[in-house]
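> So that you have it, the file is structure_29.csv, and it contains CSV, N, CA and C atoms:
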```csv
chain,number,residue,atom,x,y,z
P,1,MET,N,98.8,62.2,84.6
P,1,MET,CA,98.4,63.4,84.1
P,1,MET,C,97.0,63.7,84.5
P,2,TYR,N,96.1,62.7,84.3
P,2,TYR,CA,94.7,62.9,84.6
P,2,TYR,C,94.4,63.0,86.1
P,3,THR,N,95.2,62.4,86.9
P,3,THR,CA,95.0,62.5,88.3
P,3,THR,C,95.3,63.9,88.8
P,4,ARG,N,96.4,64.5,88.3
P,4,ARG,CA,96.7,65.8,88.7
P,4,ARG,C,95.6,66.8,88.3
P,5,SER,N,95.1,66.6,87.1
P,5,SER,CA,94.1,67.5,86.6
P,5,SER,C,92.8,67.3,87.3
P,6,LEU,N,92.5,66.1,87.7
P,6,LEU,CA,91.3,65.8,88.5
P,6,LEU,C,91.4,66.4,89.9
P,7,SER,N,92.6,66.3,90.5
P,7,SER,CA,92.8,66.9,91.8
P,7,SER,C,92.7,68.4,91.7
P,8,VAL,N,93.2,69.0,90.7
P,8,VAL,CA,93.1,70.5,90.5
P,8,VAL,C,91.6,70.9,90.4
P,9,ALA,N,90.9,70.2,89.5
P,9,ALA,CA,89.5,70.5,89.3
P,9,ALA,C,88.7,70.3,90.6
P,10,LEU,N,89.0,69.3,91.4
P,10,LEU,CA,88.3,69.1,92.6
P,10,LEU,C,88.6,70.2,93.6
P,11,CYS,N,89.9,70.6,93.6
P,11,CYS,CA,90.3,71.8,94.5
P,11,CYS,C,89.6,73.1,94.1
P,12,ILE,N,89.5,73.3,92.8
P,12,ILE,CA,88.8,74.5,92.3
P,12,ILE,C,87.3,74.4,92.7
P,13,THR,N,86.7,73.2,92.6
P,13,THR,CA,85.3,73.0,93.0
P,13,THR,C,85.1,73.4,94.5
P,14,LEU,N,86.0,72.9,95.3
P,14,LEU,CA,85.9,73.1,96.8
P,14,LEU,C,86.1,74.6,97.1
P,15,LEU,N,87.1,75.2,96.5
P,15,LEU,CA,87.3,76.6,96.8
P,15,LEU,C,86.2,77.5,96.3
P,16,SER,N,85.6,77.2,95.1
P,16,SER,CA,84.5,77.9,94.6
P,16,SER,C,83.3,77.8,95.5
P,17,SER,N,83.1,76.5,95.9
P,17,SER,CA,81.9,76.3,96.8
P,17,SER,C,82.1,77.1,98.1
P,18,GLY,N,83.3,77.1,98.7
P,18,GLY,CA,83.5,77.9,99.9
P,18,GLY,C,83.3,79.4,99.7
P,19,ALA,N,83.8,79.8,98.5
P,19,ALA,CA,83.6,81.3,98.2
P,19,ALA,C,82.1,81.6,98.0
P,20,ALA,N,81.4,80.7,97.4
P,20,ALA,CA,79.9,80.9,97.3
P,20,ALA,C,79.2,80.9,98.6
P,21,ILE,N,79.6,80.1,99.5
P,21,ILE,CA,79.0,80.1,100.9
P,21,ILE,C,79.4,81.4,101.6
P,22,TYR,N,80.6,81.8,101.5
P,22,TYR,CA,81.0,83.1,102.1
P,22,TYR,C,80.3,84.3,101.5
P,23,CYS,N,80.1,84.3,100.2
P,23,CYS,CA,79.4,85.4,99.6
P,23,CYS,C,77.9,85.4,100.0
P,24,TYR,N,77.4,84.2,100.1
P,24,TYR,CA,76.0,84.1,100.6
P,24,TYR,C,75.8,84.7,102.0
P,25,THR,N,76.7,84.3,102.9
P,25,THR,CA,76.6,84.8,104.3
P,25,THR,C,76.7,86.4,104.3
P,26,ARG,N,77.7,86.9,103.5
P,26,ARG,CA,77.8,88.4,103.5
P,26,ARG,C,76.6,89.0,102.9
P,27,ALA,N,76.1,88.5,101.8
P,27,ALA,CA,74.9,89.1,101.2
P,27,ALA,C,73.7,89.0,102.1
P,28,ASP,N,73.6,87.9,102.8
P,28,ASP,CA,72.4,87.7,103.7
P,28,ASP,C,72.5,88.7,104.8
P,29,ALA,N,73.7,88.9,105.4
P,29,ALA,CA,73.9,89.9,106.5
P,29,ALA,C,73.5,91.3,106.0
P,30,LEU,N,74.0,91.6,104.8
P,30,LEU,CA,73.7,93.0,104.2
P,30,LEU,C,72.2,93.1,103.9
P,31,GLN,N,71.5,92.0,103.5
P,31,GLN,CA,70.1,92.1,103.3
P,31,GLN,C,69.3,92.3,104.6
P,32,VAL,N,69.8,91.7,105.7
P,32,VAL,CA,69.1,91.9,107.0
P,32,VAL,C,69.3,93.4,107.4
P,33,GLN,N,70.6,93.9,107.2
P,33,GLN,CA,70.8,95.3,107.5
P,33,GLN,C,70.0,96.2,106.7
P,34,GLY,N,69.8,95.9,105.4
P,34,GLY,CA,68.9,96.7,104.6
P,34,GLY,C,67.5,96.7,105.0
P,35,GLN,N,67.0,95.5,105.4
P,35,GLN,CA,65.7,95.4,105.9
P,35,GLN,C,65.5,96.2,107.2
P,36,TRP,N,66.5,96.2,108.1
P,36,TRP,CA,66.4,97.0,109.3
P,36,TRP,C,66.4,98.5,109.0
P,37,LEU,N,67.2,98.9,108.0
P,37,LEU,CA,67.2,100.3,107.6
P,37,LEU,C,65.9,100.7,107.0
P,38,MET,N,65.2,99.8,106.3
P,38,MET,CA,63.9,100.1,105.7
P,38,MET,C,62.9,100.3,106.8
P,39,GLU,N,62.9,99.5,107.8
P,39,GLU,CA,62.0,99.7,108.9
P,39,GLU,C,62.3,101.0,109.7
P,40,ARG,N,63.5,101.3,109.8
P,40,ARG,CA,63.9,102.6,110.4
P,40,ARG,C,63.4,103.8,109.6
P,41,GLY,N,63.5,103.7,108.3
P,41,GLY,CA,63.0,104.8,107.4
P,41,GLY,C,61.5,104.9,107.5
P,42,THR,N,60.8,103.7,107.6
P,42,THR,CA,59.4,103.8,107.7
P,42,THR,C,59.0,104.4,109.0
P,43,ALA,N,59.7,104.1,110.1
P,43,ALA,CA,59.4,104.8,111.4
P,43,ALA,C,59.7,106.3,111.3
P,44,GLN,N,60.7,106.7,110.6
P,44,GLN,CA,61.0,108.1,110.5
P,44,GLN,C,59.9,108.8,109.6
P,45,ALA,N,59.4,108.0,108.7
P,45,ALA,CA,58.3,108.6,107.8
P,45,ALA,C,57.0,108.8,108.7
P,46,GLU,N,56.7,107.9,109.6
P,46,GLU,CA,55.6,108.0,110.4
P,46,GLU,C,55.8,109.2,111.4
P,47,GLU,N,57.0,109.4,111.9
P,47,GLU,CA,57.3,110.5,112.8
P,47,GLU,C,57.1,111.8,112.0
P,48,TYR,N,57.6,111.8,110.8
P,48,TYR,CA,57.4,113.1,110.0
P,48,TYR,C,55.9,113.4,109.7
P,49,ALA,N,55.2,112.3,109.5
P,49,ALA,CA,53.7,112.5,109.2
P,49,ALA,C,53.0,113.1,110.5
P,50,GLN,N,53.5,112.7,111.7
P,50,GLN,CA,52.8,113.2,112.9
P,50,GLN,C,53.3,114.6,113.2
P,51,ARG,N,54.5,114.9,113.1
P,51,ARG,CA,55.1,116.2,113.5
P,51,ARG,C,55.3,117.2,112.4
P,52,LEU,N,55.4,116.8,111.2
P,52,LEU,CA,55.8,117.6,110.0
P,52,LEU,C,57.0,118.4,110.3
P,53,ASP,N,58.0,117.7,110.8
P,53,ASP,CA,59.3,118.3,111.1
P,53,ASP,C,60.3,117.9,110.0
P,54,GLY,N,61.1,118.9,109.5
P,54,GLY,CA,62.0,118.7,108.4
P,54,GLY,C,63.2,117.9,108.8
P,55,LYS,N,63.5,117.8,110.1
P,55,LYS,CA,64.7,117.0,110.5
P,55,LYS,C,64.3,115.5,110.3
P,56,ALA,N,63.1,115.1,110.6
P,56,ALA,CA,62.7,113.7,110.4
P,56,ALA,C,62.8,113.4,108.9
P,57,ALA,N,62.4,114.3,108.0
P,57,ALA,CA,62.4,114.0,106.6
P,57,ALA,C,63.9,113.9,106.1
P,58,ASP,N,64.8,114.7,106.6
P,58,ASP,CA,66.2,114.6,106.3
P,58,ASP,C,66.8,113.3,106.8
P,59,ALA,N,66.4,112.9,108.0
P,59,ALA,CA,66.9,111.7,108.6
P,59,ALA,C,66.4,110.5,107.7
P,60,GLN,N,65.2,110.6,107.3
P,60,GLN,CA,64.6,109.5,106.5
P,60,GLN,C,65.3,109.4,105.1
P,61,LEU,N,65.7,110.5,104.5
P,61,LEU,CA,66.4,110.5,103.2
P,61,LEU,C,67.8,109.9,103.4
P,62,LYS,N,68.4,110.3,104.5
P,62,LYS,CA,69.8,109.7,104.8
P,62,LYS,C,69.7,108.2,105.0
P,63,THR,N,68.6,107.8,105.7
P,63,THR,CA,68.5,106.4,106.0
P,63,THR,C,68.2,105.6,104.7
P,64,PHE,N,67.4,106.2,103.8
P,64,PHE,CA,67.2,105.5,102.5
P,64,PHE,C,68.4,105.5,101.6
P,65,ALA,N,69.2,106.5,101.7
P,65,ALA,CA,70.5,106.6,100.9
P,65,ALA,C,71.5,105.5,101.5
P,66,GLU,N,71.5,105.4,102.8
P,66,GLU,CA,72.3,104.4,103.4
P,66,GLU,C,71.9,103.0,103.0
P,67,ARG,N,70.5,102.8,103.0
P,67,ARG,CA,70.0,101.5,102.7
P,67,ARG,C,70.3,101.1,101.2
P,68,ARG,N,70.3,102.1,100.4
P,68,ARG,CA,70.6,101.9,99.0
P,68,ARG,C,72.0,101.4,98.8
P,69,GLY,N,72.9,102.1,99.5
P,69,GLY,CA,74.3,101.7,99.5
P,69,GLY,C,74.5,100.2,100.0
P,70,VAL,N,73.8,99.9,101.1
P,70,VAL,CA,73.9,98.6,101.7
P,70,VAL,C,73.4,97.5,100.7
P,71,LEU,N,72.3,97.8,100.0
P,71,LEU,CA,71.7,96.9,99.1
P,71,LEU,C,72.6,96.7,97.8
P,72,GLU,N,73.3,97.8,97.4
P,72,GLU,CA,74.2,97.7,96.3
P,72,GLU,C,75.3,96.8,96.6
P,73,HIS,N,75.9,96.9,97.9
P,73,HIS,CA,76.9,95.9,98.3
P,73,HIS,C,76.4,94.5,98.4
P,74,ALA,N,75.2,94.4,98.8
P,74,ALA,CA,74.6,93.0,98.9
P,74,ALA,C,74.4,92.4,97.5
P,75,HIS,N,74.1,93.3,96.5
P,75,HIS,CA,73.9,92.8,95.2
P,75,HIS,C,75.3,92.4,94.6
P,76,LEU,N,76.3,93.1,94.9
P,76,LEU,CA,77.7,92.7,94.5
P,76,LEU,C,78.1,91.3,95.1
P,77,TRP,N,77.8,91.1,96.4
P,77,TRP,CA,78.0,89.8,97.0
P,77,TRP,C,77.2,88.7,96.4
P,78,GLN,N,76.0,89.0,96.0
P,78,GLN,CA,75.1,88.0,95.3
P,78,GLN,C,75.7,87.7,93.9
P,79,ARG,N,76.2,88.7,93.2
P,79,ARG,CA,76.9,88.4,91.9
P,79,ARG,C,78.1,87.5,92.2
P,80,GLY,N,78.9,87.8,93.2
P,80,GLY,CA,80.0,86.9,93.5
P,80,GLY,C,79.6,85.5,93.8
P,81,MET,N,78.5,85.4,94.5
P,81,MET,CA,78.0,84.0,94.9
P,81,MET,C,77.6,83.3,93.6
P,82,MET,N,76.9,84.0,92.7
P,82,MET,CA,76.4,83.3,91.5
P,82,MET,C,77.6,82.9,90.6
P,83,LEU,N,78.6,83.7,90.5
P,83,LEU,CA,79.8,83.4,89.8
P,83,LEU,C,80.6,82.2,90.4
P,84,SER,N,80.6,82.2,91.7
P,84,SER,CA,81.3,81.1,92.4
P,84,SER,C,80.5,79.8,92.2
P,85,VAL,N,79.2,79.8,92.2
P,85,VAL,CA,78.4,78.6,92.0
P,85,VAL,C,78.6,78.1,90.6
P,86,LEU,N,78.7,79.1,89.6
P,86,LEU,CA,78.9,78.7,88.2
P,86,LEU,C,80.3,78.1,88.1
P,87,LEU,N,81.3,78.7,88.6
P,87,LEU,CA,82.6,78.1,88.5
P,87,LEU,C,82.7,76.7,89.2
P,88,ALA,N,82.1,76.6,90.3
P,88,ALA,CA,82.1,75.3,91.0
P,88,ALA,C,81.4,74.2,90.2
P,89,ALA,N,80.3,74.6,89.5
P,89,ALA,CA,79.6,73.6,88.7
P,89,ALA,C,80.4,73.2,87.5
P,90,LEU,N,81.1,74.2,86.8
P,90,LEU,CA,81.9,73.9,85.7
P,90,LEU,C,83.1,73.1,86.0
P,91,SER,N,83.7,73.4,87.1
P,91,SER,CA,84.9,72.6,87.5
P,91,SER,C,84.5,71.2,88.0
P,92,LEU,N,83.3,71.1,88.5
P,92,LEU,CA,82.8,69.7,88.9
P,92,LEU,C,82.6,68.9,87.6
P,93,VAL,N,82.1,69.5,86.6
P,93,VAL,CA,81.9,68.8,85.3
P,93,VAL,C,83.3,68.5,84.7
P,94,GLY,N,84.2,69.4,84.8
P,94,GLY,CA,85.6,69.1,84.3
P,94,GLY,C,86.2,68.0,85.1
P,95,ALA,N,86.0,67.9,86.4
P,95,ALA,CA,86.5,66.8,87.2
P,95,ALA,C,85.9,65.5,86.8
P,96,TYR,N,84.7,65.5,86.5
P,96,TYR,CA,84.0,64.3,86.0
P,96,TYR,C,84.6,63.8,84.7
P,97,VAL,N,84.8,64.8,83.8
P,97,VAL,CA,85.4,64.5,82.5
P,97,VAL,C,86.8,63.9,82.7
P,98,PHE,N,87.6,64.5,83.5
P,98,PHE,CA,88.9,63.9,83.8
P,98,PHE,C,88.9,62.5,84.4
P,99,PHE,N,87.9,62.3,85.3
P,99,PHE,CA,87.7,61.0,85.9
P,99,PHE,C,87.4,60.0,84.8
P,100,LEU,N,86.5,60.3,83.9
P,100,LEU,CA,86.1,59.4,82.8
P,100,LEU,C,87.3,59.2,81.9
P,101,LEU,N,88.1,60.2,81.6
P,101,LEU,CA,89.3,60.0,80.7
P,101,LEU,C,90.3,59.1,81.4
P,102,LYS,N,90.5,59.2,82.7
P,102,LYS,CA,91.4,58.4,83.5
P,102,LYS,C,90.9,56.9,83.4
P,103,ARG,N,89.6,56.7,83.6
P,103,ARG,CA,89.1,55.4,83.5
P,103,ARG,C,89.3,54.8,82.1
P,104,LEU,N,89.0,55.6,81.1
P,104,LEU,CA,89.2,55.1,79.7
P,104,LEU,C,90.7,54.7,79.5
P,105,ASP,N,91.6,55.6,80.0
P,105,ASP,CA,93.0,55.3,79.8
P,105,ASP,C,93.4,54.0,80.5
P,106,ASP,N,92.9,53.8,81.7
P,106,ASP,CA,93.2,52.6,82.4
P,106,ASP,C,92.7,51.4,81.7
P,107,GLN,N,91.5,51.5,81.1
P,107,GLN,CA,90.9,50.4,80.4
P,107,GLN,C,91.7,50.1,79.1
P,108,LEU,N,92.1,51.1,78.5
P,108,LEU,CA,93.0,50.9,77.3
P,108,LEU,C,94.3,50.2,77.6
P,109,LEU,N,94.9,50.6,78.7
P,109,LEU,CA,96.1,50.0,79.1
P,109,LEU,C,95.9,48.5,79.5
P,110,ASP,N,94.8,48.2,80.1
P,110,ASP,CA,94.5,46.8,80.5
P,110,ASP,C,94.3,46.0,79.2
P,111,ALA,N,93.6,46.6,78.3
P,111,ALA,CA,93.3,45.9,77.0
P,111,ALA,C,94.6,45.7,76.2
P,112,LEU,N,95.5,46.6,76.2
P,112,LEU,CA,96.7,46.5,75.5
P,112,LEU,C,97.6,45.5,76.2
P,113,GLY,N,97.6,45.4,77.5
P,113,GLY,CA,98.4,44.4,78.2
P,113,GLY,C,97.8,43.0,77.9
P,114,ASP,N,96.5,42.8,77.8
P,114,ASP,CA,95.9,41.5,77.5
P,114,ASP,C,96.3,41.1,76.0
P,115,LEU,N,96.3,42.1,75.1
P,115,LEU,CA,96.7,41.8,73.7
P,115,LEU,C,98.1,41.4,73.6
P,116,ARG,N,99.0,42.0,74.3
P,116,ARG,CA,100.4,41.7,74.3
P,116,ARG,C,100.7,40.3,74.9
P,117,ALA,N,99.9,40.0,75.9
P,117,ALA,CA,100.1,38.7,76.6
P,117,ALA,C,99.6,37.5,75.7
P,118,ALA,N,98.5,37.8,74.9
P,118,ALA,CA,97.9,36.8,74.0
P,118,ALA,C,98.6,36.7,72.7
P,119,ALA,N,99.4,37.7,72.3
P,119,ALA,CA,100.0,37.7,71.0
P,119,ALA,C,101.2,36.7,70.8
P,120,PRO,N,101.3,36.1,69.6
P,120,PRO,CA,102.5,35.2,69.4
P,120,PRO,C,103.8,35.9,69.4
P,121,PRO,N,104.9,35.2,69.4
P,121,PRO,CA,106.2,35.9,69.4
P,121,PRO,C,106.3,36.9,68.3
P,122,SER,N,107.1,37.9,68.5
P,122,SER,CA,107.1,39.0,67.6
P,122,SER,C,107.9,38.8,66.3
P,123,GLY,N,108.6,37.7,66.2
P,123,GLY,CA,109.5,37.4,65.0
P,123,GLY,C,108.6,37.1,63.8
P,124,PRO,N,108.9,37.7,62.6
P,124,PRO,CA,108.1,37.4,61.5
P,124,PRO,C,108.4,36.0,60.9
P,125,SER,N,107.4,35.3,60.5
P,125,SER,CA,107.6,34.0,59.9
P,125,SER,C,108.0,34.2,58.4
P,126,ALA,N,108.4,33.0,57.8
P,126,ALA,CA,109.0,33.1,56.5
P,126,ALA,C,107.9,33.5,55.5
P,127,SER,N,106.7,33.0,55.7
P,127,SER,CA,105.6,33.4,54.7
P,127,SER,C,105.2,34.8,54.8
P,128,GLU,N,105.4,35.5,56.0
P,128,GLU,CA,105.0,36.9,56.1
P,128,GLU,C,106.0,37.9,55.7
P,129,ARG,N,107.2,37.4,55.4
P,129,ARG,CA,108.3,38.3,55.0
P,129,ARG,C,108.0,38.9,53.6
P,130,SER,N,108.3,40.1,53.4
P,130,SER,CA,108.2,40.7,52.1
P,130,SER,C,109.5,40.6,51.3
P,131,PRO,N,109.4,40.4,50.0
P,131,PRO,CA,110.7,40.3,49.3
P,131,PRO,C,111.5,41.6,49.4
P,132,THR,N,112.8,41.4,49.4
P,132,THR,CA,113.6,42.6,49.5
P,132,THR,C,113.7,43.4,48.2
P,133,LEU,N,113.7,42.7,47.1
P,133,LEU,CA,113.7,43.4,45.8
P,133,LEU,C,112.4,43.1,45.1
P,134,VAL,N,111.8,44.2,44.7
P,134,VAL,CA,110.5,44.1,44.0
P,134,VAL,C,110.7,44.5,42.6
P,135,SER,N,110.2,43.7,41.6
P,135,SER,CA,110.4,44.1,40.3
P,135,SER,C,109.2,45.1,39.9
P,136,SER,N,109.5,46.0,39.1
P,136,SER,CA,108.5,47.0,38.6
P,136,SER,C,108.5,47.1,37.1
P,137,LEU,N,107.4,47.4,36.6
P,137,LEU,CA,107.3,47.6,35.1
P,137,LEU,C,107.8,49.0,34.8
P,138,GLN,N,108.7,49.1,33.8
P,138,GLN,CA,109.1,50.4,33.4
P,138,GLN,C,108.8,50.6,31.9
P,139,ARG,N,108.4,51.6,31.4
P,139,ARG,CA,108.1,51.9,30.0
P,139,ARG,C,108.8,53.1,29.6
```
Once you've parsed the file, please lay out its structure as C-alpha cells.


Amino acid sequence: MYTRSLSVALCITLLSSGAAIYCYTRADALQVQGQWLMERGTAQAEEYAQRLDGKAADAQLKTFAERRGVLEHAHLWQRGMMLSVLLAALSLVGAYVFFLLKRLDDQLLDALGDLRAAAPPSGPSASERSPTLVSSLQR
C-alpha cells in the first residue's frame, strides 16, 4: 500500500517539477519579449519627441498596450510556476511521510516476527486456564 502511494507521490513531484520548469521558460520568454517591447516604445517616444508626429504617439500607445498583454500572460505563467513548485514541495513531503510509514511498517513486521519466534508454544498451561464456572454472589 505504502509503496504505491510513495510511487504516486514521487510521480506527482516529478510532473510538478517539469511543469514548473516549463512555466518558467514560458514566463522568461514573455519577459524578454516585454522588455523588447519596452525598448521599442522608448524609441517611439524619442521619435515623437523629435518630430511631434501623431503617428509615432499612436504607435507608442499600441506598443505599450501590446507590452501590457504580454506581461499579463507572463504573470499567469509565473503563477503557474509558483503553484507547480508548491505542489512539488507538498508531494515531496508526502512521499517522505509515506517512506517513513513504510519503514515503520517494516520494522513492526520484523519485531512481530521476532516475538513470534521467541514465544513459547501457544497452548495454555494448566495454571493459566480460567475456571469454566465462576460462582457469583447473589442477593

> Name the residues in contact with segment 87-95 of chain P at a cut-off of 7 Å, using all atoms listed in the file, excluding same-chain residues fewer than 5 positions from it; report them as a ChimeraX atom specification.

/P:5-7,9-10,12-14,16-17,82,100

> Quick check, in Å to one decimal: how far apart do atom N of Arg67 of chain P and atom N of Gly41 of chain P lie?

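Between atom N of Arg67 of chain P and atom N of Gly41 of chain P the gap works out to 8.8 Å.
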
> Excluding Tyr24 of chain P and any residue of its chain fewer than 5 positions from it, enumerate the residues within 6 Å of it, using all atoms listed in the file, and give them as a list in words.

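Once the adjacent positions are removed, what remains is Ala19, Ala29, Trp77 and Met81 of chain P.
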
> Just list as JSON, numbers by chain whatever in chain P DSSP marks as helix (DSSP H, G or I).

{"P": [2, 3, 4, 5, 6, 7, 8, 9, 10, 11, 12, 13, 14, 15, 16, 17, 18, 19, 20, 21, 22, 23, 24, 25, 26, 27, 28, 29, 30, 31, 32, 33, 34, 35, 36, 37, 38, 39, 40, 41, 42, 43, 44, 45, 46, 47, 48, 49, 50, 51, 54, 55, 56, 57, 58, 59, 60, 61, 62, 63, 64, 65, 66, 67, 68, 69, 70, 71, 72, 73, 74, 75, 76, 77, 78, 79, 80, 81, 82, 83, 84, 85, 86, 87, 88, 89, 90, 91, 92, 93, 94, 95, 96, 97, 98, 99, 100, 101, 102, 103, 104, 105, 106, 107, 108, 109, 110, 111, 112, 113, 114, 115, 116, 117, 118]}

> Can you fill out segment 79-88 of chain P with all heavy atoms and hand it back as an mmCIF file, in the frame of the given file?


```cif
data_model
loop_
_atom_site.group_PDB
_atom_site.id
_atom_site.type_symbol
_atom_site.label_atom_id
_atom_site.label_comp_id
_atom_site.auth_asym_id
_atom_site.auth_seq_id
_atom_site.Cartn_x
_atom_site.Cartn_y
_atom_site.Cartn_z
ATOM 1 N N ARG P 79 76.200 88.700 93.200
ATOM 2 C CA ARG P 79 76.900 88.400 91.900
ATOM 3 C C ARG P 79 78.100 87.500 92.200
ATOM 4 O O ARG P 79 78.316 86.507 91.398
ATOM 5 C CB ARG P 79 77.389 89.655 91.290
ATOM 6 C CG ARG P 79 76.374 90.365 90.490
ATOM 7 C CD ARG P 79 77.075 91.446 89.698
ATOM 8 N NE ARG P 79 76.175 92.530 89.396
ATOM 9 C CZ ARG P 79 76.538 93.673 88.895
ATOM 10 N NH1 ARG P 79 77.810 93.916 88.662
ATOM 11 N NH2 ARG P 79 75.658 94.610 88.628
ATOM 12 N N GLY P 80 78.900 87.800 93.200
ATOM 13 C CA GLY P 80 80.000 86.900 93.500
ATOM 14 C C GLY P 80 79.600 85.500 93.800
ATOM 15 O O GLY P 80 80.258 84.505 93.420
ATOM 16 N N MET P 81 78.500 85.400 94.500
ATOM 17 C CA MET P 81 78.000 84.000 94.900
ATOM 18 C C MET P 81 77.600 83.300 93.600
ATOM 19 O O MET P 81 77.918 82.105 93.451
ATOM 20 C CB MET P 81 76.781 84.175 95.820
ATOM 21 C CG MET P 81 76.152 82.852 96.196
ATOM 22 S SD MET P 81 74.610 83.012 97.110
ATOM 23 C CE MET P 81 73.552 83.740 95.886
ATOM 24 N N MET P 82 76.900 84.000 92.700
ATOM 25 C CA MET P 82 76.400 83.300 91.500
ATOM 26 C C MET P 82 77.600 82.900 90.600
ATOM 27 O O MET P 82 77.634 81.782 90.045
ATOM 28 C CB MET P 82 75.469 84.176 90.708
ATOM 29 C CG MET P 82 74.161 84.435 91.425
ATOM 30 S SD MET P 82 73.286 82.947 91.897
ATOM 31 C CE MET P 82 72.784 82.337 90.323
ATOM 32 N N LEU P 83 78.600 83.700 90.500
ATOM 33 C CA LEU P 83 79.800 83.400 89.800
ATOM 34 C C LEU P 83 80.600 82.200 90.400
ATOM 35 O O LEU P 83 81.070 81.338 89.692
ATOM 36 C CB LEU P 83 80.724 84.597 89.606
ATOM 37 C CG LEU P 83 80.225 85.689 88.668
ATOM 38 C CD1 LEU P 83 81.158 86.893 88.720
ATOM 39 C CD2 LEU P 83 80.116 85.163 87.251
ATOM 40 N N SER P 84 80.600 82.200 91.700
ATOM 41 C CA SER P 84 81.300 81.100 92.400
ATOM 42 C C SER P 84 80.500 79.800 92.200
ATOM 43 O O SER P 84 81.160 78.733 92.010
ATOM 44 C CB SER P 84 81.418 81.398 93.889
ATOM 45 O OG SER P 84 82.214 82.530 94.102
ATOM 46 N N VAL P 85 79.200 79.800 92.200
ATOM 47 C CA VAL P 85 78.400 78.600 92.000
ATOM 48 C C VAL P 85 78.600 78.100 90.600
ATOM 49 O O VAL P 85 78.799 76.928 90.335
ATOM 50 C CB VAL P 85 76.931 78.886 92.306
ATOM 51 C CG1 VAL P 85 76.055 77.776 91.778
ATOM 52 C CG2 VAL P 85 76.708 79.076 93.798
ATOM 53 N N LEU P 86 78.700 79.100 89.600
ATOM 54 C CA LEU P 86 78.900 78.700 88.200
ATOM 55 C C LEU P 86 80.300 78.100 88.100
ATOM 56 O O LEU P 86 80.421 77.021 87.387
ATOM 57 C CB LEU P 86 78.727 79.907 87.335
ATOM 58 C CG LEU P 86 78.913 79.686 85.850
ATOM 59 C CD1 LEU P 86 77.831 78.766 85.303
ATOM 60 C CD2 LEU P 86 78.889 81.007 85.117
ATOM 61 N N LEU P 87 81.300 78.700 88.600
ATOM 62 C CA LEU P 87 82.600 78.100 88.500
ATOM 63 C C LEU P 87 82.700 76.700 89.200
ATOM 64 O O LEU P 87 83.370 75.838 88.677
ATOM 65 C CB LEU P 87 83.636 79.084 89.178
ATOM 66 C CG LEU P 87 85.102 78.655 89.134
ATOM 67 C CD1 LEU P 87 85.572 78.521 87.688
ATOM 68 C CD2 LEU P 87 85.958 79.641 89.889
ATOM 69 N N ALA P 88 82.100 76.600 90.300
ATOM 70 C CA ALA P 88 82.100 75.300 91.000
ATOM 71 C C ALA P 88 81.400 74.200 90.200
ATOM 72 O O ALA P 88 81.894 73.088 90.041
ATOM 73 C CB ALA P 88 81.359 75.381 92.373
#
```
